[in-house]
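Enquirer: Coordinates in model.csv, CSV, C-alpha atoms, are listed below.
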```
chain,number,residue,atom,x,y,z
A,1,MET,CA,22.8,-1.0,-1.7
A,2,ALA,CA,19.9,-1.2,-4.1
A,3,GLU,CA,19.3,-4.7,-5.5
A,4,GLN,CA,18.7,-4.7,-9.2
A,5,ALA,CA,17.2,-7.3,-11.4
A,6,CYS,CA,19.8,-9.8,-12.4
A,7,GLU,CA,19.2,-12.5,-15.0
A,8,VAL,CA,22.1,-14.1,-16.8
A,9,GLN,CA,22.1,-17.2,-19.0
A,10,LEU,CA,25.4,-18.7,-20.1
A,11,SER,CA,26.3,-21.9,-22.0
A,12,ILE,CA,29.8,-23.3,-22.0
A,13,GLY,CA,31.6,-26.3,-23.5
A,14,SER,CA,32.6,-28.9,-21.0
A,15,GLN,CA,36.2,-27.8,-20.4
A,16,PHE,CA,37.5,-26.9,-16.9
A,17,GLU,CA,39.0,-23.6,-18.1
A,18,ASN,CA,35.5,-22.4,-18.9
A,19,ILE,CA,34.8,-22.3,-15.2
A,20,GLU,CA,36.8,-19.1,-15.1
A,21,LEU,CA,34.3,-17.5,-17.6
A,22,VAL,CA,31.4,-18.6,-15.3
A,23,GLN,CA,33.2,-17.2,-12.3
A,24,SER,CA,33.7,-13.9,-14.1
A,25,VAL,CA,30.1,-13.5,-15.2
A,26,LEU,CA,28.9,-14.5,-11.8
A,27,GLU,CA,31.0,-11.9,-10.0
A,28,GLU,CA,29.6,-9.2,-12.3
A,29,SER,CA,26.1,-10.4,-11.6
A,30,LEU,CA,26.7,-10.3,-7.8
A,31,GLU,CA,28.0,-6.8,-7.9
A,32,SER,CA,24.6,-5.2,-7.7
A,33,LEU,CA,23.4,-7.6,-4.9
A,34,ASP,CA,23.6,-7.0,-1.2
A,35,PHE,CA,26.1,-9.7,-0.2
A,36,ASP,CA,29.3,-9.1,1.7
A,37,ASP,CA,32.7,-10.0,0.3
A,38,ASP,CA,32.8,-13.3,2.2
A,39,SER,CA,29.4,-14.3,0.9
A,40,ARG,CA,30.4,-13.5,-2.7
A,41,TYR,CA,33.6,-15.5,-2.4
A,42,TRP,CA,31.8,-18.6,-1.0
A,43,ILE,CA,29.0,-18.3,-3.5
A,44,GLY,CA,31.7,-18.3,-6.2
A,45,ILE,CA,33.3,-21.5,-4.7
A,46,ALA,CA,29.9,-23.2,-4.6
A,47,VAL,CA,29.2,-22.4,-8.2
A,48,ARG,CA,32.7,-23.5,-9.3
A,49,GLU,CA,31.9,-26.9,-7.6
A,50,ALA,CA,28.5,-27.2,-9.4
A,51,VAL,CA,30.0,-26.4,-12.8
A,52,ALA,CA,33.0,-28.7,-12.2
A,53,ASN,CA,30.7,-31.5,-11.3
A,54,ALA,CA,28.5,-30.9,-14.4
A,55,ILE,CA,31.7,-30.9,-16.6
A,56,LYS,CA,33.3,-33.9,-15.0
A,57,HIS,CA,30.5,-36.2,-13.9
A,58,GLY,CA,27.6,-35.0,-16.0
A,59,ASN,CA,29.2,-34.3,-19.4
A,60,LEU,CA,32.3,-36.5,-18.9
A,61,GLU,CA,34.5,-33.6,-20.0
A,62,ASP,CA,33.2,-33.8,-23.6
A,63,PRO,CA,33.9,-30.2,-24.9
A,64,ARG,CA,31.1,-30.6,-27.5
A,65,VAL,CA,28.5,-31.0,-24.7
A,66,ALA,CA,27.2,-27.8,-23.1
A,67,VAL,CA,26.8,-26.9,-19.4
A,68,ALA,CA,24.1,-24.2,-19.1
A,69,VAL,CA,24.3,-21.8,-16.2
A,70,GLU,CA,21.4,-19.4,-15.2
A,71,VAL,CA,21.6,-16.7,-12.6
A,72,ARG,CA,18.4,-15.1,-11.4
A,73,ILE,CA,16.6,-13.6,-8.5
A,74,ALA,CA,13.9,-15.9,-7.2
A,75,ASP,CA,10.9,-14.2,-5.5
A,76,GLY,CA,9.2,-16.2,-2.8
A,77,ALA,CA,12.2,-18.3,-1.9
A,78,PHE,CA,12.7,-18.5,1.9
A,79,GLY,CA,9.7,-16.2,2.2
A,80,GLY,CA,11.6,-13.4,0.5
A,81,ARG,CA,14.0,-13.1,-2.3
A,82,ALA,CA,17.0,-15.3,-3.1
A,83,LEU,CA,19.8,-15.5,-5.5
A,84,GLU,CA,19.2,-18.6,-7.6
A,85,ILE,CA,21.8,-20.3,-9.8
A,86,ARG,CA,20.9,-23.3,-11.9
A,87,VAL,CA,23.6,-25.5,-13.5
A,88,ARG,CA,22.4,-28.0,-16.1
A,89,ASP,CA,24.3,-30.9,-17.7
A,90,HIS,CA,23.5,-33.8,-20.0
A,91,GLY,CA,24.6,-36.6,-17.8
A,92,THR,CA,22.8,-39.7,-16.5
A,93,GLY,CA,22.3,-38.3,-13.0
A,94,PHE,CA,23.1,-39.8,-9.7
A,95,ASP,CA,21.6,-40.4,-6.2
A,96,PRO,CA,22.5,-37.4,-4.0
A,97,GLY,CA,21.5,-39.5,-1.0
A,98,LYS,CA,24.4,-41.9,-1.6
A,99,VAL,CA,27.0,-39.2,-1.4
A,100,GLY,CA,28.9,-39.8,1.8
A,101,ASP,CA,29.8,-37.2,4.4
A,102,PRO,CA,33.5,-36.2,3.8
A,103,ARG,CA,33.9,-35.7,7.5
A,104,ASP,CA,33.2,-39.4,8.2
A,105,PRO,CA,36.5,-41.0,9.4
A,106,ALA,CA,36.2,-43.5,6.5
A,107,ASN,CA,36.1,-40.7,4.0
A,108,LEU,CA,38.4,-38.1,5.6
A,109,LEU,CA,41.5,-39.1,3.6
A,110,LYS,CA,39.7,-39.7,0.3
A,111,PRO,CA,40.9,-37.4,-2.5
A,112,ALA,CA,37.4,-36.7,-3.8
A,113,GLY,CA,33.8,-36.3,-2.6
A,114,ARG,CA,33.8,-32.9,-1.0
A,115,GLY,CA,32.2,-30.7,-3.7
A,116,ILE,CA,28.6,-31.2,-2.8
A,117,PHE,CA,29.4,-30.8,0.9
A,118,TYR,CA,31.0,-27.4,0.2
A,119,MET,CA,28.0,-26.4,-2.0
A,120,LYS,CA,25.6,-27.2,0.8
A,121,ARG,CA,27.8,-25.4,3.3
A,122,PHE,CA,28.2,-22.2,1.3
A,123,MET,CA,24.6,-21.9,0.0
A,124,ASP,CA,21.3,-21.8,2.0
A,125,ASP,CA,19.8,-24.5,-0.2
A,126,ILE,CA,20.7,-26.9,-3.0
A,127,GLU,CA,18.4,-29.0,-4.9
A,128,TYR,CA,18.9,-31.7,-7.6
A,129,ASN,CA,16.4,-32.4,-10.4
A,130,PHE,CA,16.8,-35.1,-13.0
A,131,GLY,CA,15.1,-35.0,-16.4
A,132,PRO,CA,13.1,-38.0,-17.6
A,133,GLU,CA,15.4,-38.1,-20.7
A,134,GLY,CA,18.6,-37.5,-18.7
A,135,GLY,CA,20.4,-34.4,-17.6
A,136,THR,CA,20.9,-33.0,-14.1
A,137,VAL,CA,19.9,-29.6,-12.9
A,138,VAL,CA,21.4,-28.4,-9.6
A,139,THR,CA,19.8,-25.3,-8.2
A,140,LEU,CA,21.7,-23.3,-5.6
A,141,ARG,CA,20.0,-20.6,-3.5
A,142,LYS,CA,21.3,-18.0,-1.2
A,143,ARG,CA,18.9,-15.6,0.7
A,144,LEU,CA,19.1,-12.0,-0.1
A,145,GLY,CA,19.0,-9.2,2.4
A,146,THR,CA,20.9,-11.1,5.2
A,147,ARG,CA,24.0,-9.0,5.0
A,148,GLY,CA,25.7,-8.2,8.3
B,1,MET,CA,48.6,-21.1,-10.8
B,2,LYS,CA,52.3,-21.4,-10.2
B,3,ALA,CA,54.1,-24.2,-8.3
B,4,THR,CA,57.8,-24.0,-7.6
B,5,ILE,CA,60.0,-26.3,-5.6
B,6,ARG,CA,63.2,-25.5,-3.8
B,7,GLU,CA,65.4,-27.0,-1.1
B,8,ARG,CA,66.1,-25.5,2.3
B,9,ASP,CA,67.9,-27.2,5.1
B,10,GLY,CA,67.2,-30.6,3.6
B,11,VAL,CA,63.5,-29.9,3.3
B,12,SER,CA,61.7,-29.6,-0.1
B,13,ILE,CA,59.6,-26.5,-0.1
B,14,ILE,CA,56.7,-26.4,-2.6
B,15,GLU,CA,55.4,-22.9,-3.0
B,16,LEU,CA,52.0,-22.5,-4.6
B,17,LYS,CA,50.6,-19.3,-6.0
B,18,GLY,CA,47.2,-18.4,-7.4
B,19,LYS,CA,44.3,-20.9,-7.8
B,20,ILE,CA,44.5,-24.5,-6.9
B,21,THR,CA,41.4,-25.6,-8.8
B,22,ILE,CA,40.1,-28.4,-11.0
B,23,GLY,CA,41.9,-29.0,-14.3
B,24,VAL,CA,44.8,-26.6,-13.9
B,25,GLY,CA,46.2,-25.9,-10.5
B,26,ASP,CA,45.4,-29.3,-9.0
B,27,VAL,CA,47.4,-31.1,-11.8
B,28,ALA,CA,50.3,-28.7,-11.5
B,29,PHE,CA,50.5,-29.3,-7.7
B,30,ARG,CA,50.3,-33.1,-8.1
B,31,GLU,CA,53.1,-33.1,-10.7
B,32,THR,CA,55.3,-30.9,-8.4
B,33,VAL,CA,54.8,-33.3,-5.5
B,34,HIS,CA,55.7,-36.3,-7.7
B,35,LYS,CA,58.7,-34.5,-9.0
B,36,ALA,CA,59.9,-33.9,-5.4
B,37,LEU,CA,59.3,-37.5,-4.5
B,38,GLU,CA,61.2,-38.8,-7.5
B,39,THR,CA,64.3,-37.0,-6.2
B,40,GLY,CA,63.9,-39.0,-3.0
B,41,ALA,CA,62.4,-36.2,-0.9
B,42,LYS,CA,61.0,-37.3,2.5
B,43,LYS,CA,60.5,-34.0,4.1
B,44,LEU,CA,58.1,-31.7,2.4
B,45,VAL,CA,56.6,-28.3,3.3
B,46,VAL,CA,53.8,-26.8,1.2
B,47,ASN,CA,53.7,-23.1,1.4
B,48,LEU,CA,50.2,-21.9,0.7
B,49,GLY,CA,50.7,-18.2,1.5
B,50,GLU,CA,50.0,-16.9,-2.0
B,51,VAL,CA,47.0,-19.2,-2.8
B,52,THR,CA,44.0,-17.1,-3.7
B,53,THR,CA,41.4,-19.8,-4.3
B,54,ILE,CA,41.1,-23.5,-3.6
B,55,ASP,CA,38.3,-25.8,-4.5
B,56,SER,CA,37.4,-29.4,-3.6
B,57,SER,CA,39.8,-30.7,-6.2
B,58,GLY,CA,42.7,-28.6,-4.8
B,59,ILE,CA,41.8,-29.9,-1.3
B,60,GLY,CA,41.7,-33.4,-2.7
B,61,GLU,CA,45.2,-33.0,-4.1
B,62,LEU,CA,46.5,-31.8,-0.7
B,63,VAL,CA,45.0,-34.9,0.9
B,64,ALA,CA,46.4,-37.1,-1.9
B,65,ALA,CA,49.9,-35.5,-1.4
B,66,PHE,CA,49.7,-36.1,2.3
B,67,THR,CA,48.8,-39.8,2.0
B,68,THR,CA,51.3,-40.4,-0.9
B,69,VAL,CA,54.2,-38.8,1.1
B,70,SER,CA,53.2,-40.7,4.3
B,71,ASN,CA,52.9,-44.0,2.5
B,72,ARG,CA,56.5,-43.5,1.3
B,73,GLY,CA,57.7,-43.0,4.8
B,74,GLY,CA,57.9,-39.2,4.5
B,75,LYS,CA,56.2,-36.3,6.1
B,76,LEU,CA,54.3,-33.4,4.6
B,77,ARG,CA,53.6,-30.2,6.5
B,78,LEU,CA,51.6,-27.1,5.5
B,79,CYS,CA,52.5,-23.5,6.2
B,80,LYS,CA,51.2,-19.9,5.8
B,81,ILE,CA,47.6,-21.0,5.2
B,82,PRO,CA,45.4,-18.1,4.1
B,83,PRO,CA,42.2,-17.5,6.1
B,84,LYS,CA,39.9,-18.8,3.2
B,85,VAL,CA,42.0,-22.0,2.8
B,86,ASP,CA,41.9,-22.4,6.6
B,87,ASP,CA,38.1,-22.1,6.6
B,88,ILE,CA,37.7,-24.7,3.9
B,89,LEU,CA,40.0,-27.1,5.8
B,90,GLN,CA,38.1,-26.5,9.0
B,91,ILE,CA,34.7,-27.2,7.4
B,92,THR,CA,35.7,-30.7,6.3
B,93,GLN,CA,37.7,-31.3,9.5
B,94,LEU,CA,40.9,-31.7,7.6
B,95,ILE,CA,42.6,-29.2,9.9
B,96,GLN,CA,43.1,-32.2,12.2
B,97,VAL,CA,44.8,-34.2,9.5
B,98,PHE,CA,47.6,-31.9,8.5
B,99,ASP,CA,50.5,-30.5,10.4
B,100,ILE,CA,50.0,-26.8,10.0
B,101,HIS,CA,52.6,-24.1,10.8
B,102,ASP,CA,52.7,-20.3,10.7
B,103,ASP,CA,55.7,-20.1,8.4
B,104,GLU,CA,58.4,-22.0,6.7
B,105,ASP,CA,60.9,-21.6,9.5
B,106,GLU,CA,58.5,-23.2,12.0
B,107,ALA,CA,57.6,-26.0,9.6
B,108,ILE,CA,61.3,-26.8,8.9
B,109,ALA,CA,62.2,-26.7,12.6
B,110,ALA,CA,59.4,-29.2,13.3
B,111,PHE,CA,61.3,-31.8,11.3
B,112,THR,CA,64.1,-31.7,13.9
B,113,ALA,CA,62.0,-31.3,17.0
```
Please render this file's structure as structure tokens.
Expert:
Amino acid sequence: MAEQACEVQLSIGSQFENIELVQSVLEESLESLDFDDDSRYWIGIAVREAVANAIKHGNLEDPRVAVAVEVRIADGAFGGRALEIRVRDHGTGFDPGKVGDPRDPANLLKPAGRGIFYMKRFMDDIEYNFGPEGGTVVTLRKRLGTRG
Amino acid sequence: MKATIRERDGVSIIELKGKITIGVGDVAFRETVHKALETGAKKLVVNLGEVTTIDSSGIGELVAAFTTVSNRGGKLRLCKIPPKVDDILQITQLIQVFDIHDDEDEAIAAFTA
């Protein structure tokens, strides 16, 4: 399948129901890209987690505060091309290094703390950047051209 | 997301359909479990056969339901797990936590085994 240019920018209010809108736009963006059905599904889950974190922990579920989502193709990532999704919130940030492994026996029965783990598992790379004046940007990348 | 509860052979069957995701499905599931517990249910089976999507919040609610029921001296079993839900439970090693059965009959029979 030919890969076409894909660049989408979306801004949503911080309400969980808006995750469905992001999911819908993302699915449309992925249609022209060479991912198999499983990859599309798991990319969708990873993005849901990123947006949910931005709404809940970043913007504290304030519907007046926006979460920005950007979907693009990044040239040069992994020595080739990659799908790149950026999710930006207006929160105070956090230390990703302090997020525990949910598989640790001490964490196994905790009701929360699995979102970032799933993102890492379903994408090839995730990166956090924190703005000097606040705000967190999580960038999720998935290699293109690895189908099959 | 739709959560329904029914009784079969003294077991409360919670049937989930659609998305168990943050803000909607996870809350509906939690409320359904609490409703069952308020009636004194000690034997619960969660039928996930019609679940299309689950995220970390949905998984978190399954874990919370498991611990809540266990802490009250009850037992919660899962059945008819779709492949994608199975994958997500495997990845976080929760597959070893839950009692998982192919279908409702098997899950119900396990209470008397």
Enquirer: Check the smallest atom-to-atom distance from each of A:Lys56, A:Ser32, A:Arg72, A:Ala50 to Gln9 in chain A using only C-alpha atoms, then report the winner.
Expert: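 Among A:Lys56, A:Ser32, A:Arg72, A:Ala50, it is A:Arg72 that comes nearest to Gln9 in chain A.
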Enquirer: Please, what distance in Å, to one decimal, runs between CA of Glu104 in chain B and CA of Ala112 in chain A?
Expert: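 Going from CA of Glu104 in chain B over to CA of Ala112 in chain A covers 27.7 Å.
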Enquirer: Could you list the residues in chain A lying within 6 Å of chain B, using only C-alpha atoms, and format the result as a count of residues only?
Expert: 6
Enquirer: I need the residue nearest Trp42 in chain A from this list: B:Lys75, B:Thr32, B:Val85, B:Glu50. Use all atoms listed in the file for the distance.
Expert: B:Val85
Enquirer: Between CA of Ala36 in chain B and CA of Gly73 in chain B, what is the spacing in Å?
Expert: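 CA of Ala36 in chain B lies at a distance of 13.8 Å from CA of Gly73 in chain B.
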Enquirer: Report, in Å to a single decimal, how far apart CA of Val69 in chain A and CA of Leu33 in chain A are.
Expert: 18.2 Å
Enquirer: Which residues, written as an NGL selection string, have at least one atom at most 12 Å from Arg64 in chain A, with all atoms listed in the file counted and residues fewer than 4 positions away on the same chain left out?
Expert: :A and (11-15 or 55 or 59-60 or 89-90)
Enquirer: May I have the selected residues written with C-alpha atoms, as a short mmCIF file (atom, residue, chain, number, x, y, z; two decimals), in the coordinates of the input?
Expert:
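And here is the file that came out, selection_16.cif:
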```cif
data_model
loop_
_atom_site.label_atom_id
_atom_site.label_comp_id
_atom_site.auth_asym_id
_atom_site.auth_seq_id
_atom_site.Cartn_x
_atom_site.Cartn_y
_atom_site.Cartn_z
CA SER A 11 26.30 -21.90 -22.00
CA ILE A 12 29.80 -23.30 -22.00
CA GLY A 13 31.60 -26.30 -23.50
CA SER A 14 32.60 -28.90 -21.00
CA GLN A 15 36.20 -27.80 -20.40
CA ILE A 55 31.70 -30.90 -16.60
CA ASN A 59 29.20 -34.30 -19.40
CA LEU A 60 32.30 -36.50 -18.90
CA ASP A 89 24.30 -30.90 -17.70
CA HIS A 90 23.50 -33.80 -20.00
#
```
Enquirer: Determine the nearest neighbour of Phe78 in chain A from the options A:Gly135, A:Pro63, A:Gly145, A:Gly93, counting all atoms listed in the file.
Expert: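 Nearest candidate to Phe78 in chain A out of A:Gly135, A:Pro63, A:Gly145, A:Gly93: A:Gly145.
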